[in-house]
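K.L.:
The structure's right below; bear with me while I get my questions together.
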Amino acid sequence: MKNVLVTGGAGFIGSNFINTILKKRDDWKIVNLDSLTYAGNLENLKESEGNSNYNFVKGSITDKELITSLFEKFKFDYVINFAAESHVDRSILGSEVFFTTNVIGTNILLETSKRFGIEKFLQVSTDEVYGSLGPEGYFTETTPIAPNSPYSSSKASADLMVQAFHHTYGLPTLITRCSNNYGPYQFPEKLIPLMILNTVNGKKLPVYGDGLNVRDWIYVVDHNLAVEMVLDKGKIGEVYNIGAEREMKNIDIVKLILEKLNKSEDLIEYVKDRPGHDRRYAIDASKIKTELNWKPKFDFEEAISKTIDWYLENKNWWERIINKEYLKYYDEQYNSHEQVV
Ligand code: NAD
Ligand code: TYD
């Protein structure tokens, strides 16, 4: 039996990880520690409720006493840290909570893991730590870290701390750096779900700048299969990039969503650019492919259609979210964009 601490498991990627892994591994006992910020939602985990190998604890990774008591009680073998403030635009509005959760929270998990001893600590990181690419080239694991946003700086800081714990104390760590995810249960502040829901609700689709920024897209299930594989077979102390070789310009994603929903491109509204907007992300995933034999299973066209269908079929899930006050506040701050002609 493995006792596993999964943090941030009520969010988009973490909940998908837990729901999937509980079905596959009956030798894992999972504790999901999540503070349920605006992005955490226990509805994402409905299918795992009642599973005797699953426990939910509401609390923050920044709460030292709570973390200590959980380690005492559950004697974790693995720690998988998904918990984070995850949205670049929010980090531009206010960076403090990004530093607190993403850096201090990770540090507390590392300190406690060192104190109690664990088998593996996996830090779920992002390709955004590498900064921005020009039209050519790819991020490899040896690309120097050069984050640009408060979000990516906080994730890069956490990565450096994880590596320091490996080098200094021999903590058995692993880091994954994945590209942009999409799929069911993604909070509708991120590009794909926001554009789907705005289209469905007849709202304008705010495209930042010239819409030619490029992101490299991966279906959430493929990301999590890679995380599982890195945990199982990854070399301790190493970093693994994860990506599915699907670069898309933002405007092309938006047009694709409109086309699939049979709506006019008149809904597109070019708005003022995001400050410090990274131009292009693109992952070279050859290391995980050659060393661990991972490869993405999902075809982009099929998975994006599945994702759109999921939002169409799960109005109850997103209606509750978009009616919440905090999103209205956020909308006023961010989505009342100045139109750029
Ligand atoms: P999300 O915002 O949907 O979920 C984050 C979860 O963390 C939420 O459930 C939230 O309640 C929880 N959380 C936040 N602060 C916490 C705290 N202090 N203590 C405990 N729980 C806390 O994010 P996501 O998209 O699921 O991302 C998960 C992880 O994957 C993050 O670390 C993110 O940096 C990384 N990542 C995301 C993407 C992406 O495209 N979304 C890509 C690469 C890496
Ligand atoms: P996002 O989903 O916020 O992910 P990230 O910034 O972490 O890559 O944004 C993806 C891309 O879409 C990014 O280039 C910013 C752009 N974008 C828009 O043009 N309009 C929007 O309303 C949002 C949320 C994002």
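So you can find residues: chains in the structure tokens are A, B, ... in the order shown, residues in each start at 1, and ligands are numbered from 1 in order.
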Using only C-alpha atoms and all ligand atoms, what does the table of chain A residues within 9 Å of ligand 2 look like, with each row giving the shortest atom pair and its distance in Å to one decimal, sorted by chain and ascending number, as JSON lines?
P.N.:
```
{"residue": "A:Ser86", "atom": "CA", "partner": "ligand 2", "partner_atom_place_in_ligand_line": "7 (O)", "distance": 7.6}
{"residue": "A:His87", "atom": "CA", "partner": "ligand 2", "partner_atom_place_in_ligand_line": "3 (O)", "distance": 6.0}
{"residue": "A:Val88", "atom": "CA", "partner": "ligand 2", "partner_atom_place_in_ligand_line": "6 (O)", "distance": 5.3}
{"residue": "A:Asp89", "atom": "CA", "partner": "ligand 2", "partner_atom_place_in_ligand_line": "3 (O)", "distance": 6.5}
{"residue": "A:Thr126", "atom": "CA", "partner": "ligand 2", "partner_atom_place_in_ligand_line": "7 (O)", "distance": 8.8}
{"residue": "A:Glu128", "atom": "CA", "partner": "ligand 2", "partner_atom_place_in_ligand_line": "7 (O)", "distance": 7.3}
{"residue": "A:Tyr151", "atom": "CA", "partner": "ligand 2", "partner_atom_place_in_ligand_line": "7 (O)", "distance": 8.5}
{"residue": "A:Ser152", "atom": "CA", "partner": "ligand 2", "partner_atom_place_in_ligand_line": "7 (O)", "distance": 8.5}
{"residue": "A:Ser179", "atom": "CA", "partner": "ligand 2", "partner_atom_place_in_ligand_line": "8 (O)", "distance": 8.2}
{"residue": "A:Asn180", "atom": "CA", "partner": "ligand 2", "partner_atom_place_in_ligand_line": "8 (O)", "distance": 6.1}
{"residue": "A:Asn181", "atom": "CA", "partner": "ligand 2", "partner_atom_place_in_ligand_line": "2 (O)", "distance": 8.5}
{"residue": "A:Tyr182", "atom": "CA", "partner": "ligand 2", "partner_atom_place_in_ligand_line": "2 (O)", "distance": 8.8}
{"residue": "A:Pro188", "atom": "CA", "partner": "ligand 2", "partner_atom_place_in_ligand_line": "24 (C)", "distance": 8.3}
{"residue": "A:Glu189", "atom": "CA", "partner": "ligand 2", "partner_atom_place_in_ligand_line": "24 (C)", "distance": 5.4}
{"residue": "A:Lys190", "atom": "CA", "partner": "ligand 2", "partner_atom_place_in_ligand_line": "2 (O)", "distance": 3.5}
{"residue": "A:Leu191", "atom": "CA", "partner": "ligand 2", "partner_atom_place_in_ligand_line": "2 (O)", "distance": 3.8}
{"residue": "A:Ile192", "atom": "CA", "partner": "ligand 2", "partner_atom_place_in_ligand_line": "2 (O)", "distance": 6.5}
{"residue": "A:Pro193", "atom": "CA", "partner": "ligand 2", "partner_atom_place_in_ligand_line": "2 (O)", "distance": 8.4}
{"residue": "A:Leu194", "atom": "CA", "partner": "ligand 2", "partner_atom_place_in_ligand_line": "24 (C)", "distance": 6.5}
{"residue": "A:Met195", "atom": "CA", "partner": "ligand 2", "partner_atom_place_in_ligand_line": "22 (O)", "distance": 7.2}
{"residue": "A:Leu205", "atom": "CA", "partner": "ligand 2", "partner_atom_place_in_ligand_line": "22 (O)", "distance": 6.9}
{"residue": "A:Pro206", "atom": "CA", "partner": "ligand 2", "partner_atom_place_in_ligand_line": "22 (O)", "distance": 5.0}
{"residue": "A:Val207", "atom": "CA", "partner": "ligand 2", "partner_atom_place_in_ligand_line": "19 (O)", "distance": 3.7}
{"residue": "A:Tyr208", "atom": "CA", "partner": "ligand 2", "partner_atom_place_in_ligand_line": "19 (O)", "distance": 3.8}
{"residue": "A:Gly209", "atom": "CA", "partner": "ligand 2", "partner_atom_place_in_ligand_line": "19 (O)", "distance": 7.1}
{"residue": "A:Asp210", "atom": "CA", "partner": "ligand 2", "partner_atom_place_in_ligand_line": "19 (O)", "distance": 8.6}
{"residue": "A:Gly211", "atom": "CA", "partner": "ligand 2", "partner_atom_place_in_ligand_line": "19 (O)", "distance": 6.1}
{"residue": "A:Leu212", "atom": "CA", "partner": "ligand 2", "partner_atom_place_in_ligand_line": "14 (O)", "distance": 8.2}
{"residue": "A:Asn213", "atom": "CA", "partner": "ligand 2", "partner_atom_place_in_ligand_line": "14 (O)", "distance": 5.2}
{"residue": "A:Val214", "atom": "CA", "partner": "ligand 2", "partner_atom_place_in_ligand_line": "14 (O)", "distance": 6.4}
{"residue": "A:Arg215", "atom": "CA", "partner": "ligand 2", "partner_atom_place_in_ligand_line": "8 (O)", "distance": 6.3}
{"residue": "A:Asp216", "atom": "CA", "partner": "ligand 2", "partner_atom_place_in_ligand_line": "8 (O)", "distance": 8.7}
{"residue": "A:Lys249", "atom": "CA", "partner": "ligand 2", "partner_atom_place_in_ligand_line": "14 (O)", "distance": 8.2}
{"residue": "A:Asn250", "atom": "CA", "partner": "ligand 2", "partner_atom_place_in_ligand_line": "12 (O)", "distance": 5.6}
{"residue": "A:Ile251", "atom": "CA", "partner": "ligand 2", "partner_atom_place_in_ligand_line": "19 (O)", "distance": 7.6}
{"residue": "A:Ile253", "atom": "CA", "partner": "ligand 2", "partner_atom_place_in_ligand_line": "12 (O)", "distance": 9.0}
{"residue": "A:Val254", "atom": "CA", "partner": "ligand 2", "partner_atom_place_in_ligand_line": "19 (O)", "distance": 8.7}
{"residue": "A:Tyr270", "atom": "CA", "partner": "ligand 2", "partner_atom_place_in_ligand_line": "19 (O)", "distance": 8.2}
{"residue": "A:Val271", "atom": "CA", "partner": "ligand 2", "partner_atom_place_in_ligand_line": "19 (O)", "distance": 8.1}
{"residue": "A:Asp273", "atom": "CA", "partner": "ligand 2", "partner_atom_place_in_ligand_line": "19 (O)", "distance": 7.8}
{"residue": "A:Arg274", "atom": "CA", "partner": "ligand 2", "partner_atom_place_in_ligand_line": "15 (C)", "distance": 7.1}
{"residue": "A:His277", "atom": "CA", "partner": "ligand 2", "partner_atom_place_in_ligand_line": "14 (O)", "distance": 6.8}
{"residue": "A:Asp278", "atom": "CA", "partner": "ligand 2", "partner_atom_place_in_ligand_line": "14 (O)", "distance": 6.8}
{"residue": "A:Arg279", "atom": "CA", "partner": "ligand 2", "partner_atom_place_in_ligand_line": "14 (O)", "distance": 7.1}
{"residue": "A:Arg280", "atom": "CA", "partner": "ligand 2", "partner_atom_place_in_ligand_line": "14 (O)", "distance": 7.9}
{"residue": "A:Tyr281", "atom": "CA", "partner": "ligand 2", "partner_atom_place_in_ligand_line": "8 (O)", "distance": 8.1}
{"residue": "A:Tyr334", "atom": "CA", "partner": "ligand 2", "partner_atom_place_in_ligand_line": "22 (O)", "distance": 8.4}
{"residue": "A:Asn335", "atom": "CA", "partner": "ligand 2", "partner_atom_place_in_ligand_line": "22 (O)", "distance": 7.0}
```
K.L.:
Neighbouring residues of ligand 1 are defined here as those with any atom at most 7 Å from a ligand atom, counting only C-alpha atoms and all ligand atoms; list them as JSON, numbers by chain.
P.N.:
{"A": [7, 8, 9, 10, 11, 12, 13, 14, 33, 34, 35, 36, 37, 38, 39, 40, 41, 59, 60, 61, 62, 81, 82, 83, 84, 85, 86, 87, 101, 105, 124, 125, 126, 127, 155, 177, 178, 179, 180, 181, 182, 186, 187]}
K.L.:
Write down as a VMD selection string the residues of region 31-208 of chain A whose backbone DSSP state falls under strand (DSSP E or B).
P.N.:
chain A and resid 31 to 34 54 to 58 78 to 81 120 to 126 139 173 to 178 180 to 182 205 to 208
K.L.:
Skip region 43-47 of chain A itself and residues of its chain fewer than 6 positions away, then list as a tab-separated table (two decimals) with N, CA and C atoms, in the first residue's frame all residues within 7 Å of it, counting only C-alpha atoms.
P.N.:
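Generated file (result_2.tsv):
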```tsv
chain	number	residue	atom	x	y	z
A	10	ALA	N	-8.62	19.32	-5.79
A	10	ALA	CA	-9.98	19.74	-6.16
A	10	ALA	C	-9.97	20.68	-7.35
A	15	SER	N	-7.92	17.02	-9.84
A	15	SER	CA	-9.13	16.19	-9.70
A	15	SER	C	-9.15	15.11	-10.78
A	19	ASN	N	-9.36	11.17	-9.83
A	19	ASN	CA	-10.45	10.34	-10.36
A	19	ASN	C	-9.91	9.18	-11.20
A	185	TYR	N	-13.79	20.28	-16.63
A	185	TYR	CA	-13.58	20.86	-15.29
A	185	TYR	C	-12.53	21.96	-15.24
```
K.L.:
Restricting the calculation to only C-alpha atoms, which member of A:Asn241, A:Asn262, A:Asn53, A:Ser113 is positioned closest to His223 (chain A)?
P.N.:
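Checking each candidate against His223 (chain A), we get A:Asn241 as the closest.
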K.L.:
Which residue out of A:Trp217, A:Leu93, A:Glu65, A:Pro135 has the minimum interatomic distance to Ile108 (chain A) when only C-alpha atoms are used?
P.N.:
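Of the candidates, the smallest distance to Ile108 (chain A) is held by A:Glu65.
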K.L.:
Within 12 Å of Ile308 (chain A), counting only C-alpha atoms, which residues qualify if same-chain residues fewer than 2 places away don't, as a PyMOL selection string?
P.N.:
chain A and resi 182-186+192-197+199-200+256-261+301-306+310-315
K.L.:
Just the number, please: distance in Å from CA of Thr106 (chain A) to CA of Gln123 (chain A), one decimal.
P.N.:
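Between CA of Thr106 (chain A) and CA of Gln123 (chain A) the gap works out to 8.5 Å.
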K.L.:
Mind giving me the straight-line distance from CA of Leu231 (chain A) to CA of Leu174 (chain A) in Å, one decimal?
P.N.:
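These two atoms are separated by 7.4 Å.
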K.L.:
Report the distance between CA of Phe71 (chain A) and CA of Gly117 (chain A) in Å, rounded to one decimal place.
P.N.:
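CA of Gly117 (chain A) lies 9.6 Å from CA of Phe71 (chain A).
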K.L.:
Return the single residue from A:Leu5, A:Ile218, A:Val103, A:Leu109 that is closest to Lys64 (chain A), with distances computed using only C-alpha atoms.
P.N.:
A:Leu109
